[in-house]
file protein_29.pdb (PDB, C-alpha atoms)
ATOM      1  CA  MET Y  18      -3.188 -11.587   1.330  1.00  0.00           C
ATOM      2  CA  LEU Y  19      -1.967  -8.053   2.030  1.00  0.00           C
ATOM      3  CA  THR Y  20      -0.984  -9.055   5.556  1.00  0.00           C
ATOM      4  CA  ILE Y  21       1.149 -11.883   4.183  1.00  0.00           C
ATOM      5  CA  ILE Y  22       2.794  -9.539   1.670  1.00  0.00           C
ATOM      6  CA  VAL Y  23       3.553  -6.942   4.348  1.00  0.00           C
ATOM      7  CA  VAL Y  24       5.048  -9.558   6.692  1.00  0.00           C
ATOM      8  CA  LEU Y  25       7.148 -11.101   3.890  1.00  0.00           C
ATOM      9  CA  ALA Y  26       8.334  -7.694   2.646  1.00  0.00           C
ATOM     10  CA  ALA Y  27       9.185  -6.478   6.152  1.00  0.00           C
ATOM     11  CA  GLY Y  28      11.038  -9.738   6.752  1.00  0.00           C
ATOM     12  CA  LEU Y  29      13.034  -9.338   3.541  1.00  0.00           C
ATOM     13  CA  LEU Y  30      13.862  -5.743   4.439  1.00  0.00           C
ATOM     14  CA  ALA Y  31      14.975  -6.817   7.918  1.00  0.00           C
ATOM     15  CA  VAL Y  32      17.166  -9.604   6.492  1.00  0.00           C
ATOM     16  CA  GLN Y  33      18.727  -6.990   4.214  1.00  0.00           C
ATOM     17  CA  ARG Y  34      19.289  -4.849   7.341  1.00  0.00           C
ATOM     18  CA  LEU Y  35      17.030  -2.120   5.990  1.00  0.00           C
ATOM     19  CA  TRP Y  36      15.566  -1.504   9.441  1.00  0.00           C
ATOM     20  CA  LEU Y  37      13.995   1.876   8.694  1.00  0.00           C
ATOM     21  CA  SER Y  38      12.235   0.560   5.588  1.00  0.00           C
ATOM     22  CA  ALA Y  39      11.026  -2.546   7.449  1.00  0.00           C
ATOM     23  CA  ALA Y  40       9.622  -0.470  10.304  1.00  0.00           C
ATOM     24  CA  ALA Y  41       8.028   2.047   7.935  1.00  0.00           C
ATOM     25  CA  THR Y  42       6.388  -0.757   5.935  1.00  0.00           C
ATOM     26  CA  LEU Y  43       4.799  -2.177   9.065  1.00  0.00           C
ATOM     27  CA  ALA Y  44       3.808   1.204  10.505  1.00  0.00           C
ATOM     28  CA  ALA Y  45       2.323   2.522   7.240  1.00  0.00           C
ATOM     29  CA  SER Y  46       0.315  -0.633   6.610  1.00  0.00           C
ATOM     30  CA  ILE Y  47      -1.035  -1.046  10.134  1.00  0.00           C
ATOM     31  CA  SER Y  48      -1.887   2.614  10.715  1.00  0.00           C
ATOM     32  CA  GLY Y  49      -3.391   3.041   7.237  1.00  0.00           C
ATOM     33  CA  GLY Y  50      -5.616   0.007   7.679  1.00  0.00           C
ATOM     34  CA  MET Y  51      -6.802   1.354  11.019  1.00  0.00           C
ATOM     35  CA  VAL Y  52      -7.702   4.722   9.501  1.00  0.00           C
ATOM     36  CA  VAL Y  53      -9.633   3.057   6.651  1.00  0.00           C
ATOM     37  CA  ALA Y  54     -11.598   0.936   9.139  1.00  0.00           C
ATOM     38  CA  LEU Y  55     -12.391   4.012  11.226  1.00  0.00           C
ATOM     39  CA  VAL Y  56     -13.609   6.012   8.213  1.00  0.00           C
ATOM     40  CA  LYS Y  57     -15.770   3.097   7.009  1.00  0.00           C
ATOM     41  CA  THR Y  58     -17.419   2.947  10.447  1.00  0.00           C
ATOM     42  CA  GLU Y  59     -17.949   6.702  10.682  1.00  0.00           C
ATOM     43  CA  VAL Y  60     -19.296   7.219   7.147  1.00  0.00           C
ATOM     44  CA  ALA Y  61     -21.380   4.009   7.211  1.00  0.00           C
ATOM     45  CA  ARG Y  62     -22.322   4.196   3.531  1.00  0.00           C
ATOM     46  CA  PRO Y  63     -24.306   1.164   2.376  1.00  0.00           C
ATOM     47  CA  ARG Y  64     -23.062  -0.949  -0.491  1.00  0.00           C
ATOM     48  CA  PRO Y  65     -24.636  -0.638  -3.936  1.00  0.00           C
ATOM     49  CA  ASP Y  66     -27.681  -2.798  -4.495  1.00  0.00           C
ATOM     50  CA  ILE Y  67     -28.107  -2.170  -8.224  1.00  0.00           C
ATOM     51  CA  VAL Y  68     -26.771  -5.618  -9.125  1.00  0.00           C
ATOM     52  CA  ASP Y  69     -26.328  -8.817  -7.172  1.00  0.00           C
ATOM     53  CA  HIS Y  70     -22.923  -8.937  -5.491  1.00  0.00           C
ATOM     54  CA  LEU Y  71     -20.640 -11.526  -7.006  1.00  0.00           C
ATOM     55  CA  VAL Y  72     -18.934 -11.981  -3.609  1.00  0.00           C
ATOM     56  CA  GLN Y  73     -20.212 -11.907  -0.026  1.00  0.00           C
ATOM     57  CA  VAL Y  74     -19.541  -8.647   1.819  1.00  0.00           C
ATOM     58  CA  SER Y  75     -20.582  -7.614   5.286  1.00  0.00           C
ATOM     59  CA  ASN Y  76     -19.218  -4.173   6.124  1.00  0.00           C
ATOM     60  CA  MET Y  77     -19.818  -0.671   4.812  1.00  0.00           C
ATOM     61  CA  SER Y  78     -18.896   0.632   1.381  1.00  0.00           C
ATOM     62  CA  PHE Y  79     -17.008   3.941   1.719  1.00  0.00           C
ATOM     63  CA  PRO Y  80     -14.101   4.019   1.153  1.00  0.00           C
ATOM     64  CA  SER Y  81     -13.258   0.770  -0.581  1.00  0.00           C
ATOM     65  CA  GLY Y  82     -11.007  -1.025   1.887  1.00  0.00           C
ATOM     66  CA  HIS Y  83      -9.514  -3.222  -0.832  1.00  0.00           C
ATOM     67  CA  SER Y  84      -8.669  -0.167  -2.953  1.00  0.00           C
ATOM     68  CA  ALA Y  85      -7.291   1.846  -0.048  1.00  0.00           C
ATOM     69  CA  ASN Y  86      -5.330  -0.960   1.570  1.00  0.00           C
ATOM     70  CA  SER Y  87      -3.851  -2.202  -1.710  1.00  0.00           C
ATOM     71  CA  ALA Y  88      -2.724   1.355  -2.490  1.00  0.00           C
ATOM     72  CA  ILE Y  89      -1.303   1.732   1.014  1.00  0.00           C
ATOM     73  CA  VAL Y  90       0.629  -1.529   0.864  1.00  0.00           C
ATOM     74  CA  TYR Y  91       1.763  -1.726  -2.753  1.00  0.00           C
ATOM     75  CA  LEU Y  92       2.523   1.964  -3.237  1.00  0.00           C
ATOM     76  CA  THR Y  93       4.292   2.225   0.130  1.00  0.00           C
ATOM     77  CA  LEU Y  94       6.411  -0.808  -0.737  1.00  0.00           C
ATOM     78  CA  ALA Y  95       7.162   0.615  -4.178  1.00  0.00           C
ATOM     79  CA  GLY Y  96       8.062   4.004  -2.740  1.00  0.00           C
ATOM     80  CA  LEU Y  97      10.298   2.581  -0.024  1.00  0.00           C
ATOM     81  CA  ALA Y  98      11.914   0.154  -2.456  1.00  0.00           C
ATOM     82  CA  SER Y  99      12.678   3.081  -4.765  1.00  0.00           C
ATOM     83  CA  GLN Y 100      14.670   4.689  -1.962  1.00  0.00           C
ATOM     84  CA  VAL Y 101      16.960   1.692  -1.504  1.00  0.00           C
ATOM     85  CA  THR Y 102      17.167   0.259  -5.043  1.00  0.00           C
ATOM     86  CA  VAL Y 103      20.137   1.291  -7.141  1.00  0.00           C
ATOM     87  CA  SER Y 104      18.802   0.614 -10.646  1.00  0.00           C
ATOM     88  CA  ASN Y 105      16.517   3.217 -12.254  1.00  0.00           C
ATOM     89  CA  ALA Y 106      14.960   0.506 -14.424  1.00  0.00           C
ATOM     90  CA  ALA Y 107      14.163  -1.589 -11.342  1.00  0.00           C
ATOM     91  CA  ARG Y 108      12.595   1.424  -9.596  1.00  0.00           C
ATOM     92  CA  ARG Y 109      10.382   2.143 -12.619  1.00  0.00           C
ATOM     93  CA  TYR Y 110       9.382  -1.513 -12.904  1.00  0.00           C
ATOM     94  CA  ILE Y 111       8.450  -1.726  -9.209  1.00  0.00           C
ATOM     95  CA  LEU Y 112       6.342   1.443  -9.409  1.00  0.00           C
ATOM     96  CA  VAL Y 113       4.545   0.448 -12.619  1.00  0.00           C
ATOM     97  CA  MET Y 114       3.722  -3.017 -11.244  1.00  0.00           C
ATOM     98  CA  ALA Y 115       2.399  -1.493  -8.001  1.00  0.00           C
ATOM     99  CA  ILE Y 116       0.186   0.943  -9.923  1.00  0.00           C
ATOM    100  CA  LEU Y 117      -1.170  -1.823 -12.163  1.00  0.00           C
ATOM    101  CA  MET Y 118      -1.962  -4.048  -9.168  1.00  0.00           C
ATOM    102  CA  VAL Y 119      -3.711  -1.225  -7.306  1.00  0.00           C
ATOM    103  CA  GLY Y 120      -5.687  -0.316 -10.422  1.00  0.00           C
ATOM    104  CA  ALA Y 121      -6.786  -3.888 -11.069  1.00  0.00           C
ATOM    105  CA  ILE Y 122      -7.883  -4.422  -7.475  1.00  0.00           C
ATOM    106  CA  GLY Y 123      -9.942  -1.227  -7.443  1.00  0.00           C
ATOM    107  CA  CYS Y 124     -11.608  -1.977 -10.770  1.00  0.00           C
ATOM    108  CA  SER Y 125     -12.492  -5.472  -9.584  1.00  0.00           C
ATOM    109  CA  ARG Y 126     -14.454  -4.011  -6.664  1.00  0.00           C
ATOM    110  CA  VAL Y 127     -16.784  -2.143  -9.036  1.00  0.00           C
ATOM    111  CA  TYR Y 128     -16.995  -5.138 -11.389  1.00  0.00           C
ATOM    112  CA  LEU Y 129     -18.019  -7.387  -8.492  1.00  0.00           C
ATOM    113  CA  GLY Y 130     -20.810  -4.939  -7.666  1.00  0.00           C
ATOM    114  CA  VAL Y 131     -19.673  -4.352  -4.083  1.00  0.00           C
ATOM    115  CA  HIS Y 132     -18.558  -0.710  -4.423  1.00  0.00           C
ATOM    116  CA  TRP Y 133     -19.583   2.483  -6.106  1.00  0.00           C
ATOM    117  CA  PRO Y 134     -16.858   3.986  -8.339  1.00  0.00           C
ATOM    118  CA  SER Y 135     -16.586   6.870  -5.853  1.00  0.00           C
ATOM    119  CA  ASP Y 136     -15.748   4.361  -3.079  1.00  0.00           C
ATOM    120  CA  VAL Y 137     -12.856   3.060  -5.154  1.00  0.00           C
ATOM    121  CA  LEU Y 138     -11.647   6.552  -6.105  1.00  0.00           C
ATOM    122  CA  ALA Y 139     -11.702   7.560  -2.438  1.00  0.00           C
ATOM    123  CA  GLY Y 140      -9.766   4.424  -1.502  1.00  0.00           C
ATOM    124  CA  TRP Y 141      -7.173   5.007  -4.203  1.00  0.00           C
ATOM    125  CA  SER Y 142      -6.832   8.671  -3.230  1.00  0.00           C
ATOM    126  CA  PHE Y 143      -6.419   7.985   0.468  1.00  0.00           C
ATOM    127  CA  GLY Y 144      -4.031   5.068  -0.082  1.00  0.00           C
ATOM    128  CA  THR Y 145      -1.896   7.035  -2.521  1.00  0.00           C
ATOM    129  CA  LEU Y 146      -1.648  10.044  -0.206  1.00  0.00           C
ATOM    130  CA  TRP Y 147      -0.871   7.755   2.742  1.00  0.00           C
ATOM    131  CA  ALA Y 148       1.909   6.035   0.771  1.00  0.00           C
ATOM    132  CA  LEU Y 149       3.328   9.393  -0.361  1.00  0.00           C
ATOM    133  CA  GLY Y 150       3.323  10.643   3.225  1.00  0.00           C
ATOM    134  CA  TRP Y 151       5.235   7.586   4.426  1.00  0.00           C
ATOM    135  CA  TRP Y 152       7.612   7.820   1.469  1.00  0.00           C
ATOM    136  CA  LEU Y 153       8.421  11.434   2.380  1.00  0.00           C
ATOM    137  CA  ALA Y 154       8.694  10.765   6.120  1.00  0.00           C
ATOM    138  CA  THR Y 155      10.985   7.790   5.526  1.00  0.00           C
ATOM    139  CA  ALA Y 156      13.167   9.724   3.070  1.00  0.00           C
ATOM    140  CA  ARG Y 157      13.575  12.510   5.619  1.00  0.00           C
ATOM    141  CA  ALA Y 158      14.328  10.047   8.417  1.00  0.00           C
ATOM    142  CA  ARG Y 159      16.851   8.239   6.214  1.00  0.00           C
ATOM    143  CA  ALA Y 160      18.573  11.530   5.410  1.00  0.00           C
ATOM    144  CA  ALA Y 161      18.600  12.516   9.087  1.00  0.00           C
ATOM    145  CA  ILE Y 162      20.289   9.289  10.175  1.00  0.00           C
ATOM    146  CA  GLY Y 163      22.695   9.187   7.246  1.00  0.00           C
ATOM    147  CA  GLY Y 164      21.039   6.400   5.256  1.00  0.00           C
ATOM    148  CA  GLU Y 165      20.529   2.723   5.885  1.00  0.00           C
ATOM    149  CA  ARG Y 166      23.304   0.188   6.317  1.00  0.00           C
ATOM    150  CA  HIS Y 167      22.570  -1.777   3.167  1.00  0.00           C
ATOM    151  CA  ALA Y 168      20.661  -1.196  -0.040  1.00  0.00           C
ATOM    152  CA  PHE Y 169      19.530  -3.681  -2.672  1.00  0.00           C
ATOM    153  CA  GLY Y 170      22.125  -3.918  -5.413  1.00  0.00           C
ATOM    154  CA  ARG Y 171      25.074  -2.956  -3.179  1.00  0.00           C
ATOM    155  CA  PRO Y 172      27.064  -5.080  -0.736  1.00  0.00           C
ATOM    156  CA  PRO Y 173      27.090  -4.025   2.924  1.00  0.00           C
ATOM    157  CA  THR Y 174      29.845  -1.497   3.603  1.00  0.00           C
ATOM    158  CA  ASP Y 175      30.681  -3.053   6.981  1.00  0.00           C
ATOM    159  CA  ALA Y 176      30.827  -6.729   5.883  1.00  0.00           C
TER     160      ALA Y 176
END
call {"tool": "encode", "arguments": {"input": "protein_29.pdb", "output": "structure tokens"}}
result
Amino acid sequence: MLTIIVVLAAGLLAVQRLWLSAAATLAASISGGMVVALVKTEVARPRPDIVDHLVQVSNMSFPSGHSANSAIVYLTLAGLASQVTVSNAARRYILVMAILMVGAIGCSRVYLGVHWPSDVLAGWSFGTLWALGWWLATARARAAIGGERHAFGRPPTDA
């Protein structure tokens, strides 16, 4: 599902001619997912076996990939959208919805019995820091190139 969301969001950003945001969305999501997979392999923490898992899982537990990747994707999208959205109310709404989605996904992993709470906290922490890093890098790049050609809520200046 996250892959579909990233592709759709990057496509929308590209259609809006927000090239930097589209590229950053793809780069943040792909590289973040790779780092999470690498850490899971290196740490190799087994999943909890206190309760029966309510879903089938096959890889290691730490960090929670669902928690990390949802934070990477949704918080990166919210952060990048905040840079190109004119309305303060829209920016707040986007951020609150992203936080609620990330929180619900992480909590579901503990509820399903497939992660320790510390796995989820580690995933949230990594994903949040990854999203903040990409938000900052993209803001600096945008400032260095003089902004993007078009932002949501404003018509293109060269139309």
call {"tool": "closest_atom_pairs", "arguments": {"input": "protein_29.pdb", "of": "region 35-62 of chain Y", "to": "region 147-162 of chain Y", "cutoff": "8 Å", "atoms": "all atoms listed in the file", "output": "Markdown table"}}
result
| residue | atom | partner | partner_atom | distance |
| --- | --- | --- | --- | --- |
| Y:Leu37 | CA | Y:Thr155 | CA | 7.4 |
| Y:Ser38 | CA | Y:Thr155 | CA | 7.3 |
| Y:Ala41 | CA | Y:Thr155 | CA | 6.9 |
| Y:Ala45 | CA | Y:Trp151 | CA | 6.5 |
| Y:Gly49 | CA | Y:Trp147 | CA | 7.0 |
call {"tool": "residues_around", "arguments": {"input": "protein_29.pdb", "residues": "Ala27 (chain Y)", "least_positions_apart": "4", "cutoff": "7 Å", "atoms": "all atoms listed in the file", "output": "ChimeraX atom specification"}}
result
/Y:23,31,39,42-43
call {"tool": "atom_distance", "arguments": {"input": "protein_29.pdb", "atom1": "CA of Leu129 (chain Y)", "atom2": "CA of Ala85 (chain Y)"}}
result
16.5 Å
call {"tool": "atom_distance", "arguments": {"input": "protein_29.pdb", "atom1": "CA of Gly50 (chain Y)", "atom2": "CA of Asn86 (chain Y)"}}
result
6.2 Å
call {"tool": "atom_distance", "arguments": {"input": "protein_29.pdb", "atom1": "CA of Val56 (chain Y)", "atom2": "CA of Gly82 (chain Y)"}}
result
9.8 Å
call {"tool": "residues_around", "arguments": {"input": "protein_29.pdb", "residues": "Tyr91 (chain Y)", "least_positions_apart": "5", "cutoff": "10 Å", "atoms": "all atoms listed in the file", "output": "number ranges by chain"}}
result
Y: 19, 22-23, 42, 46, 86, 96-97, 111-112, 114-119, 144-145, 148
call {"tool": "resolve_selection", "arguments": {"input": "protein_29.pdb", "expression": "the PyMOL selection byres ((chain Y and resi 108) around 12)", "output": "list in words"}}
result
Leu92, Leu94, Ala95, Gly96, Leu97, Ala98, Ser99, Gln100, Val101, Thr102, Val103, Ser104, Asn105, Ala106, Ala107, Arg109, Tyr110, Ile111, Leu112, Val113, Met114, Ala115, Phe169 and Gly170 of chain Y
call {"tool": "write_last_selection", "arguments": {"input": "protein_29.pdb", "atoms": "C-alpha atoms", "output": "mmCIF file, in the coordinates of the input"}}
result
data_model
loop_
_atom_site.group_PDB
_atom_site.id
_atom_site.type_symbol
_atom_site.label_atom_id
_atom_site.label_comp_id
_atom_site.auth_asym_id
_atom_site.auth_seq_id
_atom_site.Cartn_x
_atom_site.Cartn_y
_atom_site.Cartn_z
ATOM 1 C CA LEU Y 92 2.523 1.964 -3.237
ATOM 2 C CA LEU Y 94 6.411 -0.808 -0.737
ATOM 3 C CA ALA Y 95 7.162 0.615 -4.178
ATOM 4 C CA GLY Y 96 8.062 4.004 -2.740
ATOM 5 C CA LEU Y 97 10.298 2.581 -0.024
ATOM 6 C CA ALA Y 98 11.914 0.154 -2.456
ATOM 7 C CA SER Y 99 12.678 3.081 -4.765
ATOM 8 C CA GLN Y 100 14.670 4.689 -1.962
ATOM 9 C CA VAL Y 101 16.960 1.692 -1.504
ATOM 10 C CA THR Y 102 17.167 0.259 -5.043
ATOM 11 C CA VAL Y 103 20.137 1.291 -7.141
ATOM 12 C CA SER Y 104 18.802 0.614 -10.646
ATOM 13 C CA ASN Y 105 16.517 3.217 -12.254
ATOM 14 C CA ALA Y 106 14.960 0.506 -14.424
ATOM 15 C CA ALA Y 107 14.163 -1.589 -11.342
ATOM 16 C CA ARG Y 109 10.382 2.143 -12.619
ATOM 17 C CA TYR Y 110 9.382 -1.513 -12.904
ATOM 18 C CA ILE Y 111 8.450 -1.726 -9.209
ATOM 19 C CA LEU Y 112 6.342 1.443 -9.409
ATOM 20 C CA VAL Y 113 4.545 0.448 -12.619
ATOM 21 C CA MET Y 114 3.722 -3.017 -11.244
ATOM 22 C CA ALA Y 115 2.399 -1.493 -8.001
ATOM 23 C CA PHE Y 169 19.530 -3.681 -2.672
ATOM 24 C CA GLY Y 170 22.125 -3.918 -5.413
#
call {"tool": "residues_near_point", "arguments": {"input": "protein_29.pdb", "point": "(-10.4, -0.2, 0.2)", "cutoff": "8 Å", "atoms": "all atoms listed in the file", "output": "list in words"}}
result
Val53, Phe79, Pro80, Ser81, Gly82, His83, Ser84, Ala85, Asn86, Ser87, Gly123, Asp136, Val137, Gly140 and Trp141 of chain Y
call {"tool": "closest_residue", "arguments": {"input": "protein_29.pdb", "among": "Y:Gly164, Y:Phe143, Y:Met18, Y:Cys124", "to": "Arg34 (chain Y)", "atoms": "only C-alpha atoms"}}
result
Y:Gly164
